[in-house]
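Report on one structure; see the data block that follows.
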Amino acid sequence: MSIYDTLNERQREAVFHTEGPLLILAGAGSGKTRVLTHRIAYLMEELGVNPWNILAITFTNKAAGEMRERVDNLIGFGSESVWVSTFHSMCVRILRRHIDLLGYDNSFTIYDTEDQKTLMKDVCKKLNIDTKKYNERSILSAISTAKNEMVTPSEFEINVMGDFGRQKIAKAYWEYEGQLKSNNALDFDDLLMKTVQLLQTQPDVLDYYQERFRYIMVDEYQDTNTVQFKLVSLLASKYHNLCVVGDDDQSIYKFRGADIKNILSFESTFSDAKVIKLEQNYRSTANILNAANAVIRNNRGRKDKTLWTDQGEGDLIRLGQFDTAYDEAEFVAEDVERLAQDGASYKDFAVLYRTNAQSRLFEEQFVARSIPYKIVGGVNFYARREIKDLLAYLKTIDNGEDDLAVRRIINVPKRGIGLTTIERVQASATAREISFYEALGGLDLIPGIGRASSKLDSFVSMMEYFKGRAEQVSISDLMKEIIEMTTYLESLEAEGEEEAKARIENIEELQNKIAAYEEACADAGEPATLSGFLEDVALVADIDSLDESQDYVVLMTLHSAKGLEFPQVYLAGMEDGLFPSYRSTEEEEELEEERRLCYVGITRAMKRLTLSCARRRMVRGEAQFNRMSRFVQEIPQELLETGRGAGRWQRAQKEQWSSDTGGSAGQGMGSFGQDGGAYEQGTGSAYVRNQRAAYRQAQKDFHKKPFQSAPLQKGGQQLAASKEKGLDYIVGDRVRHVKFGEGTVKEIVNGNRDYEVTIEFDTVGVRKMFAAFAKLQKL
DNA sequence: CCTCCCAAGGTTTTT
DNA sequence: CCTTGGGAGG
């Protein structure tokens with residue numbers, strides 16, 4: 001019995017069709033990952049293809065890792081030599097080798113969204129662009145669109161002749177590109193565009209990669225954009241062994257430039273393409289699948305296909321309309337709690353929503369009930385201030401031309417270097433066409449720098465020291481030295497205890513991540529480099545942090561949920577205006593994208609699906625009254641269960657037209673059978689208000705905790721405990737410090753927030769530190 | 001040069 | 001509602 005016997009006939013056909021272009025139209029849950037992994041296995045094991053001649057492009061790093069693992073499980077060898085990666089990381093790998101051919105330095109840095117914004121601000125300032133009229137965000141998004149279409153600044157300029165507003169954007173695009181280049185930096189879109197430019201202009205490089213990637217597979221093909229399409233086409237144009245897998249019904253990234261035409265016209269683009277449809281769903285019950293089919297059927301212009309399953313009907317889909325979003329969250333949390341008590345695992349549950357902002361209410365409820373949970377997305381770990389600060393040190397060490405990074409840290413922690421000084425240095429650097437950091441080397445050339453020069457000097461010599469160290473020690477050790485020499489932790493103290501504590505834990509987490517990176521490199525037998533770590537960091541997706549082995553409820557946006565599955569799924573906020581978003585109800589095309597998103601959401605569910613919505617919801621501080629999502633009404637009634645009896649749905653439908661319940665607390669439909677009445681508490685009662693205040697407080701405390709939702713923690717309670725503990729050592733005692741070793745306590749000053757302790761260490765001499773940070777151990 | 005306070009604006013979705 | 005940025009005062 002071979003590994004291919006477990007596949008169905010269609011799947012097997014897809015696996016065995018290895019030569020020439022192949023389009024696999026794979027419906028949700030139809031086993032496309034199985035097909036891809038088996039296909040890789042088949043190529044290697046049966047056809048003797050070298051693993052390094054295979055390229056598989058996935059949507060996230062997480063998917064890439066999983067794919068590798070599954071290939072290894074199938075054939076037990078060689079998967080590490082297969083290139084499995086995302087578009088972006090593949091491009092970085094190529095560019096690191098060859099970008100010098102385009103006039104960049106190979107140690108370029110990657111700018112994230114925040115960096116882009118900072119840069120664009122400078123650009124607008126320089127060009128006197130009124131950001132009230134053209135804000136940075138919209139300029140950047142225009143540039144991003146251009147880059148996704150591979151439109152260069154000069155082409156852009158030509159295209160917008162006669163349009164005053166867009167001419168401004170063209171100017172900004174020019175300047176922005178120039179600054180990126182002089183900072184030796186690339187933004188996300190550049191990674192793709194520059195790679196294509198490289199392949200288009202360097203025939204030998206193109207040929208090298210064409211030879212290298214004889215078999216190319218692209219997952220989630222429906223979400224590729226023009227530049228990605230171009231990239232794949234270039235690579236595949238020699239051997240034509242291009243296999244793309246996708247589902248036009250799951251195309252949800254139009255806003256990011258994804259072009260659904262890439263999949264719809266695959267057959268005409270690649271004339272000898274074979275098309276295989278996978279329509280048998282192995283994931284969901286028939287009821288769930290039928291609901292999904294019913295919804296997506298309302299879209300026009302899709303490839304015709306209908307998912308089917310041989311599983312039973314399963315449970316009905318539950319639908320609940322609540323008075324407020326608060327009640328909705330409460331219901332979901334209680335439902336999870338109850339099912340968990342009945343023996344379900346937390347990791348069986350996912351709460352999906354349209355916008356990240358909706359996560360808060362759920363978080364409050366989960367915290368209050370001590371239900372372990374994990375929020376995917378929202379504020380990225382690497383976007384946190386303390387993390388960006390420390391990374392900016394690494395970036396500066398790695399690439400001195402990155403002015404943004406240098407300017408970020410030159411006065412962090414505070415060194416008394418002010419804005420005026422920074423601007424003077426910048427002006428001098430710009431005038432002399434050198435980098436900011438370079439300008440710091442010739443301070444006597446800068447007029448008016450005066451007293452600041454000694455401070456600048458010591459900053460430079462510190463950075464030079466770090467650069468030297470970077471050659472000698474590991475990244476972990478370098479990071480440790482940076483934190484110590486800059487006294488970064490101590491400087492956080494100024495912000496208040498809880499805040500600082502959370503930040504310090506984040507920093508510890510960063511150090512863990514560095515260690516993990518080094519370990520991964522060691523395992524792979526590659527050197528751990530600063531650039532390598534920084535690019536890993538730049539290219540992580542929120543979803544990459546999801547760990548299926550951990551037992552927590554997962555909360556995330558519908559977008560993040562793509563590709564995942566859960567036994568129990570809650571689709572929250574099923575309200576017109578929220579989902580579909582009010583911004584997309586005007587145009588049919590946009591509405592269809594929202595509908596696809598809904599389809600993605602429904603098809604995440606394996607066993608049971610719960611839809612919920614609220615009549616009233618606070619959005620940006622004001623109450624919004626929404627009726628039930630039109631998508632809900634596209635689901636046949638007989639598939640739905642709405643609390644008490646079938647007639648209930650109609651009532652819900654009626655109610656939605658006159659649903660300004662205001663504070664009068666008409667009761668929600670929040671109960672499904674068994675424990676009816678549990679949610680009928682009026683929303684206006686003092687009890688509920690107090691509860692709400694308590695949750696809010698708990699949530700606030702919680703946010704002072706580290707970046708992650710820290711799944712197994714029990715809410716905010718234990719947070720306040722650590723204050724005012726006092727010290728267990730006195731002047732004259734011998735103590736031990738993690739880093740500095742043993743020493744004698746010389747002085748303890750009782751500051752208003754913390755004790756400031758002076759210690760004479762045996763090896764490193766006298767140091768002052770805050771007790772809470774130093775974690776000194778009495779000997 | 002730094003810190004504190006108030007006003008304004010922002011939320012779709014993300015590599 | 002919550003965050004960010006600008007301006008005034010120390």
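Chain identifiers are assigned as A, B, and so on, following the order in which chains appear in the structure tokens; residues are numbered from 1 within each chain, and ligands are numbered from 1 in order of appearance.
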Hey, what's within 12 Å of DG7 (chain C) if we count only C-alpha atoms (C1' of nucleotides) and toss same-chain stuff fewer than 6 positions away? As a ChimeraX atom specification, please?
-> /B:3-7
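Any residue of chain B with an atom no more than 10 Å from chain A counts as a contact; using only C-alpha atoms (C1' of nucleotides), that gives DC1, DC2, DG10, DT11, DT12, DT13, DT14 and DT15 of chain B.
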Based on the selection just made, write all heavy atoms of those residues as a short mmCIF file (atom, residue, chain, number, x, y, z; two decimals), in the first residue's frame.
```
data_model
loop_
_atom_site.label_atom_id
_atom_site.label_comp_id
_atom_site.auth_asym_id
_atom_site.auth_seq_id
_atom_site.Cartn_x
_atom_site.Cartn_y
_atom_site.Cartn_z
P DC B 1 18.87 70.41 22.07
OP1 DC B 1 19.84 69.38 21.72
OP2 DC B 1 17.83 70.77 21.10
"O5'" DC B 1 18.09 69.93 23.38
"C5'" DC B 1 18.84 69.41 24.48
"C4'" DC B 1 17.85 69.00 25.52
"O4'" DC B 1 17.10 70.15 25.94
"C3'" DC B 1 16.82 67.97 25.05
"O3'" DC B 1 16.72 66.97 26.04
"C2'" DC B 1 15.53 68.75 24.93
"C1'" DC B 1 15.73 69.82 25.99
N1 DC B 1 14.94 71.06 25.76
C2 DC B 1 14.15 71.58 26.80
O2 DC B 1 14.12 70.96 27.87
N3 DC B 1 13.44 72.69 26.59
C4 DC B 1 13.51 73.30 25.42
N4 DC B 1 12.79 74.42 25.26
C5 DC B 1 14.32 72.82 24.35
C6 DC B 1 15.01 71.71 24.55
P DC B 2 16.01 65.65 25.68
OP1 DC B 2 16.96 64.57 25.92
OP2 DC B 2 15.32 65.77 24.38
"O5'" DC B 2 14.90 65.61 26.82
"C5'" DC B 2 15.24 65.97 28.16
"C4'" DC B 2 13.97 66.25 28.92
"O4'" DC B 2 13.44 67.54 28.51
"C3'" DC B 2 12.85 65.23 28.66
"O3'" DC B 2 12.27 64.84 29.88
"C2'" DC B 2 11.85 65.99 27.79
"C1'" DC B 2 12.05 67.42 28.29
N1 DC B 2 11.65 68.45 27.31
C2 DC B 2 10.80 69.47 27.73
O2 DC B 2 10.40 69.49 28.90
N3 DC B 2 10.42 70.43 26.84
C4 DC B 2 10.88 70.37 25.59
N4 DC B 2 10.49 71.34 24.75
C5 DC B 2 11.76 69.34 25.14
C6 DC B 2 12.11 68.41 26.03
P DG B 10 -8.09 60.55 10.00
OP1 DG B 10 -7.31 61.18 8.95
OP2 DG B 10 -9.56 60.47 9.89
"O5'" DG B 10 -7.53 59.08 10.23
"C5'" DG B 10 -6.72 58.80 11.37
"C4'" DG B 10 -7.18 57.50 12.00
"O4'" DG B 10 -7.99 57.79 13.16
"C3'" DG B 10 -8.04 56.63 11.09
"O3'" DG B 10 -7.64 55.28 11.27
"C2'" DG B 10 -9.45 56.86 11.61
"C1'" DG B 10 -9.17 57.01 13.09
N9 DG B 10 -10.18 57.74 13.84
C8 DG B 10 -10.91 58.84 13.43
N7 DG B 10 -11.73 59.28 14.35
C5 DG B 10 -11.52 58.42 15.42
C6 DG B 10 -12.14 58.40 16.70
O6 DG B 10 -12.99 59.15 17.15
N1 DG B 10 -11.65 57.36 17.48
C2 DG B 10 -10.69 56.45 17.09
N2 DG B 10 -10.35 55.52 17.98
N3 DG B 10 -10.11 56.46 15.89
C4 DG B 10 -10.58 57.47 15.12
P DT B 11 -7.13 54.55 10.00
OP1 DT B 11 -6.36 53.46 10.50
OP2 DT B 11 -6.54 55.55 9.11
"O5'" DT B 11 -8.44 54.04 9.27
"C5'" DT B 11 -9.72 54.12 9.87
"C4'" DT B 11 -10.32 52.71 9.97
"O4'" DT B 11 -9.69 52.02 11.03
"C3'" DT B 11 -11.78 52.79 10.31
"O3'" DT B 11 -12.60 52.43 9.18
"C2'" DT B 11 -11.99 51.81 11.42
"C1'" DT B 11 -10.63 51.22 11.70
N1 DT B 11 -10.34 51.25 13.16
C2 DT B 11 -11.29 50.81 14.07
O2 DT B 11 -12.38 50.40 13.74
N3 DT B 11 -10.91 50.89 15.38
C4 DT B 11 -9.72 51.34 15.87
O4 DT B 11 -9.49 51.36 17.07
C5 DT B 11 -8.75 51.77 14.85
C7 DT B 11 -7.38 52.29 15.25
C6 DT B 11 -9.11 51.70 13.56
P DT B 12 -12.13 51.81 7.83
OP1 DT B 12 -11.86 52.93 6.99
OP2 DT B 12 -13.06 50.76 7.50
"O5'" DT B 12 -10.77 51.15 8.29
"C5'" DT B 12 -10.30 49.93 8.38
"C4'" DT B 12 -10.97 48.69 8.82
"O4'" DT B 12 -12.10 48.31 8.02
"C3'" DT B 12 -9.93 47.61 8.67
"O3'" DT B 12 -9.83 46.95 9.91
"C2'" DT B 12 -10.40 46.71 7.55
"C1'" DT B 12 -11.83 47.16 7.24
N1 DT B 12 -11.97 47.51 5.81
C2 DT B 12 -12.61 46.63 4.96
O2 DT B 12 -13.06 45.57 5.35
N3 DT B 12 -12.71 47.05 3.65
C4 DT B 12 -12.24 48.22 3.11
O4 DT B 12 -12.41 48.47 1.93
C5 DT B 12 -11.58 49.09 4.04
C7 DT B 12 -11.03 50.38 3.55
C6 DT B 12 -11.48 48.71 5.32
P DT B 13 -8.72 46.22 10.37
OP1 DT B 13 -9.10 45.57 11.63
OP2 DT B 13 -7.43 46.94 10.23
"O5'" DT B 13 -8.78 45.16 9.19
"C5'" DT B 13 -8.82 43.78 9.49
"C4'" DT B 13 -8.83 43.02 8.21
"O4'" DT B 13 -9.50 43.76 7.20
"C3'" DT B 13 -7.43 42.81 7.65
"O3'" DT B 13 -6.96 41.59 8.16
"C2'" DT B 13 -7.66 42.70 6.16
"C1'" DT B 13 -9.02 43.34 5.93
N1 DT B 13 -8.97 44.54 5.06
C2 DT B 13 -9.82 44.59 4.00
O2 DT B 13 -10.61 43.70 3.76
N3 DT B 13 -9.72 45.72 3.23
C4 DT B 13 -8.87 46.80 3.42
O4 DT B 13 -8.88 47.75 2.66
C5 DT B 13 -8.00 46.67 4.56
C7 DT B 13 -7.06 47.76 4.86
C6 DT B 13 -8.09 45.57 5.32
P DT B 14 -5.72 41.67 9.13
OP1 DT B 14 -5.79 40.51 9.99
OP2 DT B 14 -5.58 43.01 9.71
"O5'" DT B 14 -4.56 41.47 8.07
"C5'" DT B 14 -4.57 40.36 7.20
"C4'" DT B 14 -3.30 40.39 6.39
"O4'" DT B 14 -3.32 41.55 5.53
"C3'" DT B 14 -2.03 40.50 7.23
"O3'" DT B 14 -1.02 39.72 6.63
"C2'" DT B 14 -1.66 41.96 7.14
"C1'" DT B 14 -2.16 42.32 5.75
N1 DT B 14 -2.54 43.72 5.59
C2 DT B 14 -2.12 44.39 4.48
O2 DT B 14 -1.46 43.87 3.59
N3 DT B 14 -2.50 45.70 4.42
C4 DT B 14 -3.23 46.40 5.36
O4 DT B 14 -3.51 47.57 5.19
C5 DT B 14 -3.64 45.63 6.51
C7 DT B 14 -4.44 46.27 7.60
C6 DT B 14 -3.28 44.35 6.57
P DT B 15 0.12 39.12 7.52
OP1 DT B 15 -0.41 37.84 7.99
OP2 DT B 15 0.67 40.09 8.49
"O5'" DT B 15 1.25 38.84 6.44
"C5'" DT B 15 0.98 37.96 5.37
"C4'" DT B 15 1.92 38.29 4.24
"O4'" DT B 15 1.62 39.61 3.74
"C3'" DT B 15 3.40 38.29 4.61
"O3'" DT B 15 4.14 37.60 3.60
"C2'" DT B 15 3.79 39.76 4.60
"C1'" DT B 15 2.81 40.34 3.61
N1 DT B 15 2.48 41.76 3.82
C2 DT B 15 2.48 42.62 2.75
O2 DT B 15 2.77 42.24 1.62
N3 DT B 15 2.14 43.91 3.03
C4 DT B 15 1.79 44.43 4.25
O4 DT B 15 1.50 45.61 4.38
C5 DT B 15 1.79 43.48 5.34
C7 DT B 15 1.43 43.94 6.71
C6 DT B 15 2.13 42.23 5.07
#
```
I want to know what sits within 10 Å of region 127-130 of chain A, based on only C-alpha atoms (C1' of nucleotides), with residues of the same chain fewer than 2 positions away left out; could you give that as an mmCIF file with N, CA, C and O atoms, in the first residue's frame?
```
data_model
loop_
_atom_site.group_PDB
_atom_site.id
_atom_site.type_symbol
_atom_site.label_atom_id
_atom_site.label_comp_id
_atom_site.auth_asym_id
_atom_site.auth_seq_id
_atom_site.Cartn_x
_atom_site.Cartn_y
_atom_site.Cartn_z
ATOM 1 N N LYS A 121 6.393 60.730 5.860
ATOM 2 C CA LYS A 121 6.242 62.006 6.543
ATOM 3 C C LYS A 121 7.387 62.935 6.170
ATOM 4 O O LYS A 121 7.176 64.105 5.844
ATOM 5 N N ASP A 122 8.591 62.405 6.231
ATOM 6 C CA ASP A 122 9.754 63.186 5.824
ATOM 7 C C ASP A 122 9.613 63.660 4.388
ATOM 8 O O ASP A 122 9.907 64.811 4.064
ATOM 9 N N VAL A 123 9.167 62.738 3.555
ATOM 10 C CA VAL A 123 9.010 63.056 2.136
ATOM 11 C C VAL A 123 8.046 64.220 1.960
ATOM 12 O O VAL A 123 8.338 65.189 1.249
ATOM 13 N N CYS A 124 6.914 64.143 2.614
ATOM 14 C CA CYS A 124 5.905 65.193 2.466
ATOM 15 C C CYS A 124 6.427 66.535 2.972
ATOM 16 O O CYS A 124 6.160 67.587 2.399
ATOM 17 N N LYS A 125 7.173 66.462 4.055
ATOM 18 C CA LYS A 125 7.737 67.672 4.610
ATOM 19 C C LYS A 125 8.683 68.308 3.589
ATOM 20 O O LYS A 125 8.625 69.490 3.302
ATOM 21 N N LYS A 132 -2.770 67.303 5.091
ATOM 22 C CA LYS A 132 -4.205 67.362 5.382
ATOM 23 C C LYS A 132 -4.973 66.977 4.123
ATOM 24 O O LYS A 132 -6.029 66.367 4.166
ATOM 25 N N LYS A 133 -4.409 67.386 3.017
ATOM 26 C CA LYS A 133 -5.072 67.126 1.740
ATOM 27 C C LYS A 133 -4.723 65.742 1.198
ATOM 28 O O LYS A 133 -5.587 65.015 0.717
ATOM 29 N N TYR A 134 -3.460 65.436 1.257
ATOM 30 C CA TYR A 134 -3.047 64.093 0.833
ATOM 31 C C TYR A 134 -2.364 63.441 2.028
ATOM 32 O O TYR A 134 -1.210 63.756 2.311
ATOM 33 N N ASN A 135 -3.048 62.572 2.702
ATOM 34 C CA ASN A 135 -2.360 62.038 3.876
ATOM 35 C C ASN A 135 -1.392 60.925 3.498
ATOM 36 O O ASN A 135 -1.486 60.319 2.437
ATOM 37 N N GLU A 136 -0.471 60.682 4.415
ATOM 38 C CA GLU A 136 0.610 59.732 4.137
ATOM 39 C C GLU A 136 0.055 58.367 3.728
ATOM 40 O O GLU A 136 0.553 57.718 2.815
ATOM 41 N N LYS A 168 1.178 65.137 -7.720
ATOM 42 C CA LYS A 168 1.808 65.279 -6.404
ATOM 43 C C LYS A 168 2.268 63.917 -5.912
ATOM 44 O O LYS A 168 3.355 63.771 -5.359
ATOM 45 N N ILE A 169 1.389 62.951 -6.070
ATOM 46 C CA ILE A 169 1.732 61.605 -5.619
ATOM 47 C C ILE A 169 2.935 61.081 -6.390
ATOM 48 O O ILE A 169 3.827 60.444 -5.828
ATOM 49 N N LYS A 171 5.357 62.835 -7.524
ATOM 50 C CA LYS A 171 6.541 63.468 -6.935
ATOM 51 C C LYS A 171 6.936 62.757 -5.646
ATOM 52 O O LYS A 171 8.106 62.497 -5.394
ATOM 53 N N ALA A 172 5.902 62.472 -4.848
ATOM 54 C CA ALA A 172 6.163 61.788 -3.585
ATOM 55 C C ALA A 172 6.774 60.408 -3.845
ATOM 56 O O ALA A 172 7.701 59.988 -3.143
ATOM 57 N N GLU A 175 10.454 60.812 -4.659
ATOM 58 C CA GLU A 175 11.244 61.145 -3.484
ATOM 59 C C GLU A 175 11.337 59.950 -2.524
ATOM 60 O O GLU A 175 12.390 59.641 -1.970
#
```
Test item, helix (DSSP H, G or I) assignment across region 183-322 of chain A, answer as a count of residues only = 63
Could you state the separation of CA of Phe459 (chain A) and CA of Ile410 (chain A) in Å, given to one decimal place?
-> 7.2 Å
Proximity of chain C to chain A: per-residue shortest pair, 12 Å limit, only C-alpha atoms (C1' of nucleotides), as JSON lines:
```
{"residue": "C:DC1", "atom": "C1'", "partner": "A:Gly621", "partner_atom": "CA", "distance": 4.4}
{"residue": "C:DC2", "atom": "C1'", "partner": "A:Arg620", "partner_atom": "CA", "distance": 8.6}
{"residue": "C:DT3", "atom": "C1'", "partner": "A:Arg620", "partner_atom": "CA", "distance": 11.9}
```
Produce a file of the selected residues containing N, CA, C and O atoms (P, O5', C5', C4', C3', O3' and C1' of nucleotides), as a tab-separated table (two decimals), in the first residue's frame.
```tsv
chain	number	residue	atom	x	y	z
C	1	DC	P	-15.47	56.72	26.25
C	1	DC	O5'	-15.06	55.20	26.26
C	1	DC	C5'	-15.61	54.35	25.26
C	1	DC	C4'	-14.53	53.82	24.33
C	1	DC	C3'	-13.10	54.07	24.82
C	1	DC	O3'	-12.40	52.84	24.88
C	1	DC	C1'	-13.38	54.82	22.57
C	2	DC	P	-11.07	52.85	25.73
C	2	DC	O5'	-10.06	53.24	24.58
C	2	DC	C5'	-9.66	52.27	23.61
C	2	DC	C4'	-8.60	52.89	22.75
C	2	DC	C3'	-7.37	53.35	23.54
C	2	DC	O3'	-6.22	52.91	22.87
C	2	DC	C1'	-8.19	55.13	22.23
C	3	DT	P	-4.81	52.95	23.61
C	3	DT	O5'	-3.89	53.43	22.41
C	3	DT	C5'	-4.26	53.13	21.06
C	3	DT	C4'	-3.88	54.28	20.18
C	3	DT	C3'	-2.49	54.85	20.46
C	3	DT	O3'	-1.70	54.75	19.28
C	3	DT	C1'	-4.08	56.58	20.27
```
Per DSSP on the backbone, filter region 72-308 of chain A down to the residues in strand (DSSP E or B) and report them as a ChimeraX atom specification.
-> /A:83-86,109-111,185-187,215-218,225,242-246,258,274-278,280,308
Atom-to-atom span, CA of Asn411 (chain A) and C1' of DG6 (chain C), Å = 19.4 Å
Selection: 12 Å around Glu114 (chain A), only C-alpha atoms (C1' of nucleotides), excl. self and same-chain fewer than 5 positions, as a ChimeraX atom specification = /A:119-121,136-137,140,187-188,379-380,382-385,388,404-405,538
Could you please take those selected residues and save N, CA and C atoms as a PDB file, in the first residue's frame?
```pdb
ATOM      1  N   LEU A 119       8.883  57.522   6.954  1.00  0.00           N
ATOM      2  CA  LEU A 119       9.619  57.990   5.790  1.00  0.00           C
ATOM      3  C   LEU A 119       8.757  58.926   4.944  1.00  0.00           C
ATOM      4  N   MET A 120       7.506  58.523   4.759  1.00  0.00           N
ATOM      5  CA  MET A 120       6.619  59.337   3.934  1.00  0.00           C
ATOM      6  C   MET A 120       6.381  60.701   4.567  1.00  0.00           C
ATOM      7  N   LYS A 121       6.393  60.730   5.860  1.00  0.00           N
ATOM      8  CA  LYS A 121       6.242  62.006   6.543  1.00  0.00           C
ATOM      9  C   LYS A 121       7.387  62.935   6.170  1.00  0.00           C
ATOM     10  N   GLU A 136      -0.471  60.682   4.415  1.00  0.00           N
ATOM     11  CA  GLU A 136       0.610  59.732   4.137  1.00  0.00           C
ATOM     12  C   GLU A 136       0.055  58.367   3.728  1.00  0.00           C
ATOM     13  N   ARG A 137      -0.969  57.990   4.464  1.00  0.00           N
ATOM     14  CA  ARG A 137      -1.529  56.671   4.205  1.00  0.00           C
ATOM     15  C   ARG A 137      -2.015  56.500   2.776  1.00  0.00           C
ATOM     16  N   LEU A 140       0.856  56.456   0.336  1.00  0.00           N
ATOM     17  CA  LEU A 140       1.533  55.157   0.405  1.00  0.00           C
ATOM     18  C   LEU A 140       0.710  54.071  -0.270  1.00  0.00           C
ATOM     19  N   ASP A 187      10.749  48.408   0.899  1.00  0.00           N
ATOM     20  CA  ASP A 187       9.489  48.155   1.574  1.00  0.00           C
ATOM     21  C   ASP A 187       8.955  46.793   1.104  1.00  0.00           C
ATOM     22  N   PHE A 188       7.837  46.379   1.663  1.00  0.00           N
ATOM     23  CA  PHE A 188       7.316  45.046   1.354  1.00  0.00           C
ATOM     24  C   PHE A 188       7.117  44.841  -0.143  1.00  0.00           C
ATOM     25  N   VAL A 379      -2.185  44.534  17.299  1.00  0.00           N
ATOM     26  CA  VAL A 379      -0.882  45.172  17.281  1.00  0.00           C
ATOM     27  C   VAL A 379       0.204  44.108  17.235  1.00  0.00           C
ATOM     28  N   ASN A 380       0.963  44.162  16.208  1.00  0.00           N
ATOM     29  CA  ASN A 380       2.055  43.226  16.006  1.00  0.00           C
ATOM     30  C   ASN A 380       3.099  43.369  17.118  1.00  0.00           C
ATOM     31  N   TYR A 382       6.187  42.951  16.952  1.00  0.00           N
ATOM     32  CA  TYR A 382       7.371  43.660  16.493  1.00  0.00           C
ATOM     33  C   TYR A 382       7.115  45.135  16.234  1.00  0.00           C
ATOM     34  N   ALA A 383       5.864  45.538  16.373  1.00  0.00           N
ATOM     35  CA  ALA A 383       5.558  46.950  16.191  1.00  0.00           C
ATOM     36  C   ALA A 383       5.595  47.679  17.525  1.00  0.00           C
ATOM     37  N   ARG A 384       5.772  46.938  18.628  1.00  0.00           N
ATOM     38  CA  ARG A 384       5.796  47.597  19.930  1.00  0.00           C
ATOM     39  C   ARG A 384       7.024  48.462  20.063  1.00  0.00           C
ATOM     40  N   ARG A 385       6.833  49.550  20.793  1.00  0.00           N
ATOM     41  CA  ARG A 385       7.873  50.555  20.833  1.00  0.00           C
ATOM     42  C   ARG A 385       9.220  50.012  21.298  1.00  0.00           C
ATOM     43  N   LYS A 388      10.751  47.806  18.715  1.00  0.00           N
ATOM     44  CA  LYS A 388      11.277  48.553  17.568  1.00  0.00           C
ATOM     45  C   LYS A 388      12.545  49.312  17.939  1.00  0.00           C
ATOM     46  N   LEU A 404      16.593  56.002   9.251  1.00  0.00           N
ATOM     47  CA  LEU A 404      15.410  55.925  10.084  1.00  0.00           C
ATOM     48  C   LEU A 404      15.735  55.254  11.413  1.00  0.00           C
ATOM     49  N   ALA A 405      16.468  54.177  11.308  1.00  0.00           N
ATOM     50  CA  ALA A 405      16.821  53.429  12.520  1.00  0.00           C
ATOM     51  C   ALA A 405      17.734  54.261  13.419  1.00  0.00           C
ATOM     52  N   ALA A 538      10.943  40.898  10.090  1.00  0.00           N
ATOM     53  CA  ALA A 538      10.166  41.777   9.229  1.00  0.00           C
ATOM     54  C   ALA A 538       9.071  41.015   8.493  1.00  0.00           C
TER      55      ALA A 538
END
```
Would you list the contacts of Ala344 (chain A) as a PyMOL selection string, taking every protein, DNA or RNA residue within 12 Å and counting only C-alpha atoms (C1' of nucleotides), but skipping same-chain residues closer than 2 positions in sequence?
-> chain A and resi 335-342+346-349+551-553+567-568
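Near Thr306 (chain A), within 10 Å and counting only C-alpha atoms (C1' of nucleotides), sit A:Gly27, A:Lys277, A:Leu278, A:Glu279, A:Gln280, A:Asn281, A:Leu289, A:Asn290, A:Ala292, A:Asn293, A:Ala294, A:Ile296, A:Arg297, A:Lys303; same-chain residues fewer than 3 positions away were not included.
Note that the spacing between CA of Ala286 (chain A) and CA of Tyr599 (chain A) amounts to 14.5 Å.
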